[in-house]
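Coordinates from protein_35.tsv are shown below (TSV, C-alpha atoms and all ligand atoms).
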chain	number	residue	atom	x	y	z
A	890	MET	CA	0.00	0.00	0.00
A	891	PHE	CA	2.92	2.39	0.70
A	892	GLN	CA	4.02	1.87	-2.91
A	893	GLN	CA	0.52	2.83	-4.08
A	894	ILE	CA	0.89	6.12	-2.20
A	895	LEU	CA	4.23	6.77	-3.92
A	896	ASP	CA	2.60	6.04	-7.28
A	897	ALA	CA	-0.30	8.35	-6.39
A	898	THR	CA	2.16	11.13	-5.51
A	899	ASN	CA	3.63	10.87	-9.01
A	900	ARG	CA	0.24	10.61	-10.68
A	901	LEU	CA	-0.99	13.75	-8.91
A	902	GLN	CA	2.05	15.84	-9.89
A	903	GLY	CA	0.96	18.92	-11.79
A	904	PHE	CA	-2.71	18.48	-10.90
A	905	VAL	CA	-2.67	18.88	-7.13
A	906	HIS	CA	-1.52	21.93	-5.15
A	907	GLN	CA	1.47	21.39	-2.86
A	908	THR	CA	-0.33	22.94	0.09
A	909	PRO	CA	1.57	25.15	2.55
A	910	ILE	CA	2.71	24.14	6.04
A	911	LEU	CA	2.03	26.82	8.66
A	912	SER	CA	2.77	27.27	12.35
A	913	SER	CA	1.83	29.70	15.11
A	914	LEU	CA	4.28	30.83	17.79
A	915	THR	CA	1.35	31.86	19.98
A	916	LEU	CA	-0.02	28.33	19.85
A	917	ASN	CA	3.39	26.75	20.45
A	918	LYS	CA	3.75	28.86	23.60
A	919	MET	CA	0.19	28.03	24.73
A	920	ILE	CA	0.60	24.29	24.54
A	921	GLY	CA	4.33	23.89	25.00
A	922	ALA	CA	5.07	22.00	21.79
A	923	GLU	CA	6.10	22.73	18.21
A	924	VAL	CA	3.03	22.37	15.99
A	925	TYR	CA	2.99	22.25	12.17
A	926	PHE	CA	-0.23	22.46	10.13
A	927	LYS	CA	-0.55	20.93	6.65
A	928	CYS	CA	-3.14	23.21	5.07
A	929	GLU	CA	-5.43	21.21	2.75
A	930	ASN	CA	-7.96	24.03	3.08
A	931	PHE	CA	-5.79	25.50	0.28
A	932	GLN	CA	-6.15	22.37	-1.87
A	933	ARG	CA	-8.23	22.49	-5.08
A	934	ILE	CA	-11.96	22.48	-4.21
A	935	GLY	CA	-10.88	23.52	-0.69
A	936	ALA	CA	-10.22	20.06	0.76
A	937	PHE	CA	-7.96	17.00	0.45
A	938	LYS	CA	-10.71	15.01	-1.31
A	939	PHE	CA	-9.42	16.19	-4.69
A	940	ARG	CA	-6.43	13.86	-4.17
A	941	GLY	CA	-8.37	10.62	-3.69
A	942	ALA	CA	-10.84	11.43	-6.44
A	943	PHE	CA	-8.06	12.20	-8.92
A	944	ASN	CA	-6.04	9.10	-8.06
A	945	CYS	CA	-9.14	6.95	-8.49
A	946	ILE	CA	-10.79	8.45	-11.57
A	947	SER	CA	-7.56	8.88	-13.56
A	948	GLN	CA	-6.96	5.10	-13.31
A	949	LEU	CA	-10.33	4.03	-14.77
A	950	SER	CA	-10.25	2.13	-18.07
A	951	ASP	CA	-11.06	3.99	-21.30
A	952	THR	CA	-14.48	2.31	-21.44
A	953	GLU	CA	-15.26	3.35	-17.86
A	954	LYS	CA	-14.13	6.89	-18.62
A	955	GLN	CA	-16.36	7.05	-21.69
A	956	ARG	CA	-19.39	5.94	-19.68
A	957	GLY	CA	-18.89	8.38	-16.81
A	958	VAL	CA	-18.78	8.39	-13.02
A	959	ILE	CA	-21.32	8.75	-10.25
A	960	ALA	CA	-21.00	9.68	-6.56
A	961	PHE	CA	-23.30	10.49	-3.68
A	962	SER	CA	-22.25	13.30	-1.37
A	963	SER	CA	-23.47	16.65	-0.14
A	964	GLY	CA	-19.99	17.80	0.69
A	965	ASN	CA	-16.41	17.95	-0.45
A	966	HIS	CA	-16.38	14.56	-2.19
A	967	ALA	CA	-19.08	15.83	-4.58
A	968	GLN	CA	-17.00	18.82	-5.61
A	969	ALA	CA	-13.85	16.70	-5.88
A	970	VAL	CA	-15.45	14.15	-8.22
A	971	ALA	CA	-17.06	16.93	-10.26
A	972	LEU	CA	-13.80	18.85	-10.75
A	973	VAL	CA	-11.66	15.79	-11.49
A	974	ALA	CA	-14.20	14.56	-14.04
A	975	LYS	CA	-14.19	17.97	-15.69
A	976	LEU	CA	-10.37	18.08	-15.87
A	977	LEU	CA	-10.29	14.60	-17.43
A	978	GLY	CA	-13.20	15.22	-19.80
A	979	ILE	CA	-15.49	12.66	-18.13
A	980	LYS	CA	-19.22	12.97	-17.43
A	981	ALA	CA	-20.05	13.12	-13.70
A	982	THR	CA	-23.41	12.65	-11.98
A	983	ILE	CA	-23.69	13.57	-8.31
A	984	ILE	CA	-26.56	12.43	-6.10
A	985	MET	CA	-27.28	15.02	-3.40
A	986	PRO	CA	-29.86	15.15	-0.60
A	987	SER	CA	-32.72	17.65	-0.82
A	988	ASN	CA	-31.39	19.57	2.20
A	989	THR	CA	-28.01	20.38	0.59
A	990	PRO	CA	-27.14	24.09	1.02
A	991	GLN	CA	-27.47	26.11	-2.17
A	992	VAL	CA	-23.77	27.12	-2.11
A	993	LYS	CA	-22.76	23.46	-2.36
A	994	LEU	CA	-25.22	22.72	-5.17
A	995	ASP	CA	-23.93	25.74	-7.07
A	996	ALA	CA	-20.26	24.83	-6.51
A	997	THR	CA	-20.77	21.27	-7.72
A	998	ARG	CA	-22.84	22.34	-10.70
A	999	GLY	CA	-20.22	25.00	-11.44
A	1000	TYR	CA	-17.70	22.22	-12.11
A	1001	GLY	CA	-20.02	20.90	-14.80
A	1002	ALA	CA	-21.50	17.90	-13.00
A	1003	GLU	CA	-25.09	16.81	-13.40
A	1004	ILE	CA	-26.87	16.98	-10.04
A	1005	VAL	CA	-29.68	14.61	-9.09
A	1006	ILE	CA	-31.50	15.60	-5.92
A	1007	TYR	CA	-33.26	12.92	-3.88
A	1008	ASP	CA	-35.85	13.44	-1.18
A	1009	ILE	CA	-34.31	12.51	2.18
A	1010	GLU	CA	-37.78	11.85	3.62
A	1011	THR	CA	-39.09	9.44	1.01
A	1012	GLU	CA	-36.19	8.11	-1.05
A	1013	ASP	CA	-33.22	5.88	-0.28
A	1014	ARG	CA	-29.91	7.32	-1.43
A	1015	GLU	CA	-28.41	3.99	-2.33
A	1016	GLU	CA	-31.43	2.90	-4.36
A	1017	VAL	CA	-31.51	6.18	-6.27
A	1018	THR	CA	-27.81	5.87	-7.03
A	1019	ALA	CA	-27.95	2.21	-8.05
A	1020	LYS	CA	-30.85	2.84	-10.42
A	1021	ILE	CA	-29.06	5.61	-12.31
A	1022	GLN	CA	-25.76	3.74	-12.19
A	1023	ASN	CA	-27.23	0.59	-13.72
A	1024	LYS	CA	-29.13	2.46	-16.37
A	1025	HIS	CA	-26.06	4.30	-17.70
A	1026	GLY	CA	-23.19	2.01	-16.70
A	1027	TYR	CA	-21.53	4.72	-14.57
A	1028	THR	CA	-18.67	3.81	-12.22
A	1029	LEU	CA	-19.37	4.60	-8.57
A	1030	ILE	CA	-16.60	6.61	-6.88
A	1031	ALA	CA	-16.80	5.85	-3.16
A	1032	PRO	CA	-15.78	8.63	-0.76
A	1033	PHE	CA	-13.43	6.50	1.37
A	1034	ASN	CA	-13.96	2.77	0.89
A	1035	ASN	CA	-11.75	2.39	-2.18
A	1036	THR	CA	-8.02	1.54	-2.37
A	1037	HIS	CA	-7.20	4.23	-4.93
A	1038	VAL	CA	-9.06	6.86	-2.92
A	1039	ILE	CA	-7.21	5.84	0.28
A	1040	ALA	CA	-3.84	5.94	-1.54
A	1041	GLY	CA	-4.66	9.40	-2.94
A	1042	GLN	CA	-5.54	10.76	0.51
A	1043	GLY	CA	-2.28	9.29	1.84
A	1044	THR	CA	-0.33	11.73	-0.34
A	1045	VAL	CA	-1.23	14.47	2.17
A	1046	ALA	CA	0.92	12.87	4.88
A	1047	TYR	CA	3.56	11.88	2.33
A	1048	GLU	CA	4.03	15.52	1.28
A	1049	PHE	CA	3.91	16.65	4.91
A	1050	LEU	CA	6.66	14.29	6.13
A	1051	ASP	CA	8.69	14.92	3.01
A	1052	LYS	CA	8.95	18.56	4.22
A	1053	VAL	CA	9.00	17.93	8.01
A	1054	PRO	CA	10.51	14.42	8.39
A	1055	ASP	CA	11.03	14.48	12.15
A	1056	LEU	CA	7.41	14.88	13.29
A	1057	THR	CA	6.84	12.79	16.43
A	1058	THR	CA	3.02	12.85	16.31
A	1059	LEU	CA	0.51	13.25	13.47
A	1060	LEU	CA	-3.12	14.28	14.13
A	1061	VAL	CA	-5.63	13.43	11.40
A	1062	PRO	CA	-9.41	14.12	11.26
A	1063	CYS	CA	-11.48	10.96	10.82
A	1064	GLY	CA	-14.89	10.42	9.22
A	1065	GLY	CA	-15.06	7.27	7.08
A	1066	GLY	CA	-11.34	6.89	7.65
A	1067	GLY	CA	-9.89	7.32	4.15
A	1068	LEU	CA	-7.66	10.24	5.08
A	1069	LEU	CA	-6.61	8.60	8.35
A	1070	ALA	CA	-5.82	5.18	6.83
A	1071	GLY	CA	-3.86	6.63	3.89
A	1072	SER	CA	-2.00	9.14	6.03
A	1073	ALA	CA	-1.06	6.53	8.65
A	1074	ILE	CA	0.40	4.20	5.99
A	1075	ALA	CA	2.37	7.05	4.40
A	1076	ALA	CA	3.61	8.42	7.74
A	1077	LYS	CA	4.71	5.04	9.14
A	1078	GLY	CA	6.33	4.17	5.83
A	1079	LEU	CA	8.51	7.28	6.05
A	1080	ASN	CA	9.07	7.34	9.82
A	1081	SER	CA	8.27	4.13	11.68
A	1082	SER	CA	8.41	5.74	15.13
A	1083	ILE	CA	5.78	8.45	14.44
A	1084	ARG	CA	2.61	8.31	16.57
A	1085	VAL	CA	-0.51	8.61	14.37
A	1086	ILE	CA	-3.70	9.73	16.11
A	1087	GLY	CA	-7.16	9.96	14.53
A	1088	VAL	CA	-9.46	12.72	15.80
A	1089	GLU	CA	-13.24	12.66	15.62
A	1090	PRO	CA	-16.08	14.56	17.34
A	1091	GLU	CA	-17.32	13.10	20.63
A	1092	LEU	CA	-20.81	13.28	19.06
A	1093	ALA	CA	-19.77	10.91	16.23
A	1094	ASP	CA	-17.30	8.60	17.96
A	1095	ASP	CA	-17.85	5.47	15.89
A	1096	ALA	CA	-14.16	5.18	14.95
A	1097	LYS	CA	-13.05	5.26	18.59
A	1098	GLN	CA	-15.67	2.63	19.51
A	1099	SER	CA	-14.65	0.46	16.55
A	1100	PHE	CA	-10.93	0.85	17.28
A	1101	GLU	CA	-11.40	-0.15	20.91
A	1102	SER	CA	-13.85	-3.01	20.38
A	1103	GLY	CA	-12.08	-4.51	17.35
A	1104	LYS	CA	-15.19	-4.50	15.14
A	1105	ILE	CA	-16.94	-1.86	13.03
A	1106	VAL	CA	-19.46	0.01	15.21
A	1107	THR	CA	-22.24	2.04	13.56
A	1108	VAL	CA	-23.63	5.13	15.31
A	1109	PRO	CA	-26.78	7.15	14.44
A	1110	VAL	CA	-26.35	10.17	12.13
A	1111	SER	CA	-24.76	12.84	14.29
A	1112	LYS	CA	-25.56	16.54	14.62
A	1113	THR	CA	-21.92	17.49	15.13
A	1114	ILE	CA	-20.88	20.80	13.62
A	1115	ALA	CA	-18.03	18.88	11.93
A	1116	ASP	CA	-20.18	17.81	8.98
A	1117	GLY	CA	-17.33	16.14	7.08
A	1118	THR	CA	-17.13	13.51	9.83
A	1119	ARG	CA	-20.83	12.72	10.22
A	1120	THR	CA	-20.33	9.30	8.59
A	1121	THR	CA	-21.94	6.63	10.75
A	1122	ALA	CA	-19.25	3.95	10.40
A	1123	LEU	CA	-15.75	3.24	9.12
A	1124	GLY	CA	-15.51	1.28	5.87
A	1125	HIS	CA	-14.63	-2.40	5.64
A	1126	MET	CA	-11.43	-1.33	3.84
A	1127	THR	CA	-10.44	1.60	6.06
A	1128	PHE	CA	-11.09	-0.15	9.39
A	1129	PRO	CA	-8.44	-2.91	9.17
A	1130	LEU	CA	-5.86	-0.39	7.91
A	1131	ILE	CA	-6.65	1.92	10.82
A	1132	GLN	CA	-6.34	-1.00	13.25
A	1133	GLN	CA	-2.96	-1.89	11.79
A	1134	TYR	CA	-1.36	1.54	11.33
A	1135	VAL	CA	-3.03	3.98	13.74
A	1136	ASP	CA	-1.90	4.26	17.38
A	1137	GLU	CA	-4.91	5.93	18.95
A	1138	ILE	CA	-8.26	7.60	18.25
A	1139	CYS	CA	-9.25	10.57	20.39
A	1140	THR	CA	-12.44	12.63	20.51
A	1141	THR	CA	-13.11	16.34	20.96
A	1142	THR	CA	-16.12	18.34	22.15
A	1143	GLU	CA	-18.21	20.68	20.00
A	1144	ARG	CA	-16.94	23.59	22.13
A	1145	ALA	CA	-13.31	22.70	21.37
A	1146	ILE	CA	-14.06	22.45	17.64
A	1147	ILE	CA	-15.62	25.92	17.68
A	1148	GLU	CA	-12.65	27.36	19.59
A	1149	ALA	CA	-10.30	25.76	17.07
A	1150	VAL	CA	-12.12	27.26	14.04
A	1151	LYS	CA	-11.92	30.67	15.77
A	1152	PHE	CA	-8.22	30.26	16.55
A	1153	HIS	CA	-7.43	29.33	12.94
A	1154	LEU	CA	-9.34	32.35	11.71
A	1155	LEU	CA	-8.41	35.04	14.21
A	1156	ARG	CA	-4.86	34.00	15.11
A	1157	MET	CA	-3.63	32.21	12.00
A	1158	LYS	CA	-5.79	34.16	9.50
A	1159	ILE	CA	-6.97	31.02	7.72
A	1160	VAL	CA	-10.51	29.80	7.03
A	1161	VAL	CA	-10.95	26.22	8.24
A	1162	GLU	CA	-14.20	24.25	8.31
A	1163	PRO	CA	-15.14	22.50	11.59
A	1164	SER	CA	-14.03	19.03	10.37
A	1165	GLY	CA	-10.73	20.55	9.34
A	1166	ALA	CA	-10.16	22.00	12.80
A	1167	LEU	CA	-10.41	18.69	14.70
A	1168	GLY	CA	-6.64	18.35	15.15
A	1169	LEU	CA	-6.27	21.77	16.74
A	1170	ALA	CA	-9.41	21.10	18.81
A	1171	ALA	CA	-7.74	17.99	20.26
A	1172	LEU	CA	-4.66	20.03	21.17
A	1173	LEU	CA	-6.58	22.97	22.67
A	1174	SER	CA	-8.77	20.69	24.80
A	1175	LYS	CA	-5.74	18.66	25.88
A	1176	SER	CA	-7.36	15.45	24.59
A	1177	ILE	CA	-3.84	14.36	23.72
A	1178	GLU	CA	-0.52	15.11	25.34
A	1179	PRO	CA	1.63	16.94	22.77
A	1180	LYS	CA	5.21	15.70	22.69
A	1181	GLY	CA	8.00	16.97	20.46
A	1182	LYS	CA	7.07	18.10	16.95
A	1183	VAL	CA	3.35	17.68	16.34
A	1184	GLY	CA	1.92	17.59	12.80
A	1185	VAL	CA	-1.74	18.46	12.25
A	1186	ILE	CA	-3.62	17.87	9.01
A	1187	ILE	CA	-6.15	20.64	8.32
A	1188	SER	CA	-8.47	18.68	6.04
A	1189	GLY	CA	-10.57	21.44	4.49
A	1190	GLY	CA	-11.87	25.00	4.50
A	1191	ASN	CA	-15.36	24.85	3.00
A	1192	ILE	CA	-17.43	26.36	5.78
A	1193	ASP	CA	-21.05	27.41	5.20
A	1194	PRO	CA	-21.31	31.18	5.70
A	1195	PRO	CA	-24.17	30.91	8.27
A	1196	VAL	CA	-22.14	28.38	10.30
A	1197	LEU	CA	-19.15	30.72	10.30
A	1198	GLN	CA	-21.39	33.59	11.35
A	1199	ASN	CA	-22.73	31.57	14.30
A	1200	ILE	CA	-19.25	30.59	15.41
A	1201	LEU	CA	-18.05	34.19	15.35
A	1202	GLY	CA	-21.15	35.32	17.20
A	1203	GLU	CA	-20.46	32.97	20.13
B	1	LIG	C1	-14.26	14.00	4.04
B	1	LIG	C2	-13.67	14.90	5.05
B	1	LIG	C3	-13.16	14.42	6.28
B	1	LIG	C4	-13.21	12.95	6.64
B	1	LIG	O1	-12.44	12.18	5.76
B	1	LIG	P1	-12.60	10.59	5.72
B	1	LIG	O2	-11.65	10.13	4.69
B	1	LIG	O3	-14.03	10.28	5.41
B	1	LIG	O4	-12.25	10.11	7.11
B	1	LIG	C5	-12.59	15.32	7.15
B	1	LIG	N1	-12.53	16.64	6.87
B	1	LIG	C6	-13.00	17.14	5.71
B	1	LIG	C7	-12.88	18.59	5.47
B	1	LIG	C8	-13.58	16.29	4.75
B	1	LIG	O5	-14.05	16.79	3.60

How would this structure read if it were set down as C-alpha cells?
Amino acid sequence: MFQQILDATNRLQGFVHQTPILSSLTLNKMIGAEVYFKCENFQRIGAFKFRGAFNCISQLSDTEKQRGVIAFSSGNHAQAVALVAKLLGIKATIIMPSNTPQVKLDATRGYGAEIVIYDIETEDREEVTAKIQNKHGYTLIAPFNNTHVIAGQGTVAYEFLDKVPDLTTLLVPCGGGGLLAGSAIAAKGLNSSIRVIGVEPELADDAKQSFESGKIVTVPVSKTIADGTRTTALGHMTFPLIQQYVDEICTTTERAIIEAVKFHLLRMKIVVEPSGALGLAALLSKSIEPKGKVGVIISGGNIDPPVLQNILGE
C-alpha cells in the first residue's frame, strides 16, 4: 500500500496543489510544543478530497471513462469528483440530498456535474444511485472505501513528512477513515516511530468505539458541527488499515471544535471548516498530550457562511 501512495504522488504531480505548512508561535507557547499544520484548506476544491478522487478516476479504463462516473455526497467529495471529471473530460453525476445548502449545489454544478437531488424523507440514497448507475453504466466513486481513494488521501501525509521528516506525532481528522488510513500508511512508511492519532467529534465517535472493540461500530447520524465527519461507520477497507497503522483515536467536544475554528481564523488568518479543525481542537482541549514536533492535518476550508457567522457570534 505504501508503494501505491508513492505512485499516487507521481500521478498527482501537476494536478494537485502542494499545500503550505504553517505554524503559530502563539499556539506553540500556549501548549508547549512545536506544531505544524498541513493546510489542505488551500487544496483544489478547498479540501484534500481532490487527491483521492483524482487518483481513483484517472486510473479508470477507457471504457469506464467514456461511460462516466457517479458519486453520492453533499460535501467535499461531490466537488472533488465533479472537478476531477471535468479536468479529465469525463461525465459526472452527483446524487445530493434535498437539504443540501445552495452554495454546495452551485459549486458542484459550477464544475459541470449533473446533479440529481433525492428526497431525504421518502427516497433511499443507495437505491436512487444504483438505479441511475445501472441504467447508464456509470462507475461509482466511493468517498473512502476504495483503495485508490485511500492511496490518494495518503499523499497528504507523504508531502507533509517529506517537508518535516522528524514529526513525532501526526493528528488526522477521521470520518469514514480514508484520510486517516492513507496518512497513517504514508507516515509510518517514512518514519516508523511516528505516533498517528485519529481525531473525531465526541458526538460521532464510531471510529473510537470500533478501534477499541475490534469491530466496526455504527452510530446514528450525528448533529456534530463537523459535517465532514458525520459518517456513521468506518468502511470495511479503512477499518483494518486503521487498526494496523493507527496508534490511537481521540475525541473532541463541539466547544473545542468551535474554539479551534476561531483560533485558525483570528490567530492564524486562515478559514478552516469544523471538520478541518479537529486536530487543533484535540490540542486545545488537551485530549492528547503533545510531545515533540506535532503535525496536524487541516483537512478542508469549505465552511457554510451561516455556520461561520454563528461561530463568530459565540
Ligand atoms: C471527508 C472529510 C473528512 C473525513 O475524511 P474521511 O476520509 O471520510 O475520514 C474530514 N474533513 C474534511 C474537510 C472532509 O471533507

All residues having an atom within 8 Å of ligand LIG 1 (chain B) (all atoms listed in the file) as a ChimeraX atom specification: /A:930,936-938,964-966,1032-1033,1039,1042,1062-1070,1115-1118,1120,1123,1162-1165,1187-1191

Best match for closeness to Gly978 of chain A among A:Glu1137, A:Asp951, A:Glu1012, A:Glu923, counting only C-alpha atoms: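 Ranked by minimum distance to Gly978 of chain A, first place goes to A:Asp951.
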
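Comparing A:Met890, A:Cys945, A:Val992, A:Leu1050 by their smallest distance to Gln968 of chain A, the closest is A:Val992 (using all atoms listed in the file).
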
Option closest in space to Val973 of chain A, from A:Ala1002, A:Lys954, A:Leu1130, A:Phe943 [counting all atoms listed in the file]: A:Phe943

Surrounding residues of Leu1060 of chain A excluding itself and chain neighbours under 5 positions, 9 Å, only C-alpha atoms, as a ChimeraX atom specification: /A:1069,1084-1088,1167-1169,1171,1183-1186

Write a file of the selected residues as an mmCIF file, keeping the file's coordinate frame, keeping C-alpha atoms.
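Below is the file that was written, again.cif:
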data_model
loop_
_atom_site.group_PDB
_atom_site.id
_atom_site.type_symbol
_atom_site.label_atom_id
_atom_site.label_comp_id
_atom_site.auth_asym_id
_atom_site.auth_seq_id
_atom_site.Cartn_x
_atom_site.Cartn_y
_atom_site.Cartn_z
ATOM 1 C CA LEU A 1069 -6.610 8.600 8.350
ATOM 2 C CA ARG A 1084 2.610 8.310 16.570
ATOM 3 C CA VAL A 1085 -0.510 8.610 14.370
ATOM 4 C CA ILE A 1086 -3.700 9.730 16.110
ATOM 5 C CA GLY A 1087 -7.160 9.960 14.530
ATOM 6 C CA VAL A 1088 -9.460 12.720 15.800
ATOM 7 C CA LEU A 1167 -10.410 18.690 14.700
ATOM 8 C CA GLY A 1168 -6.640 18.350 15.150
ATOM 9 C CA LEU A 1169 -6.270 21.770 16.740
ATOM 10 C CA ALA A 1171 -7.740 17.990 20.260
ATOM 11 C CA VAL A 1183 3.350 17.680 16.340
ATOM 12 C CA GLY A 1184 1.920 17.590 12.800
ATOM 13 C CA VAL A 1185 -1.740 18.460 12.250
ATOM 14 C CA ILE A 1186 -3.620 17.870 9.010
#

Which of A:Ala960, A:Ala1019, A:Leu1056, A:Ile1006 sits closest to Ala1031 of chain A [using only C-alpha atoms]: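 With only C-alpha atoms as the atom set, the closest residue is A:Ala960.
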
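Comparing the minimum interatomic distances between Gly1103 of chain A and each of A:Pro1195, A:Gly1026, A:Gly1181, A:Pro1129, counting all atoms listed in the file, we find that A:Pro1129 sits nearest.
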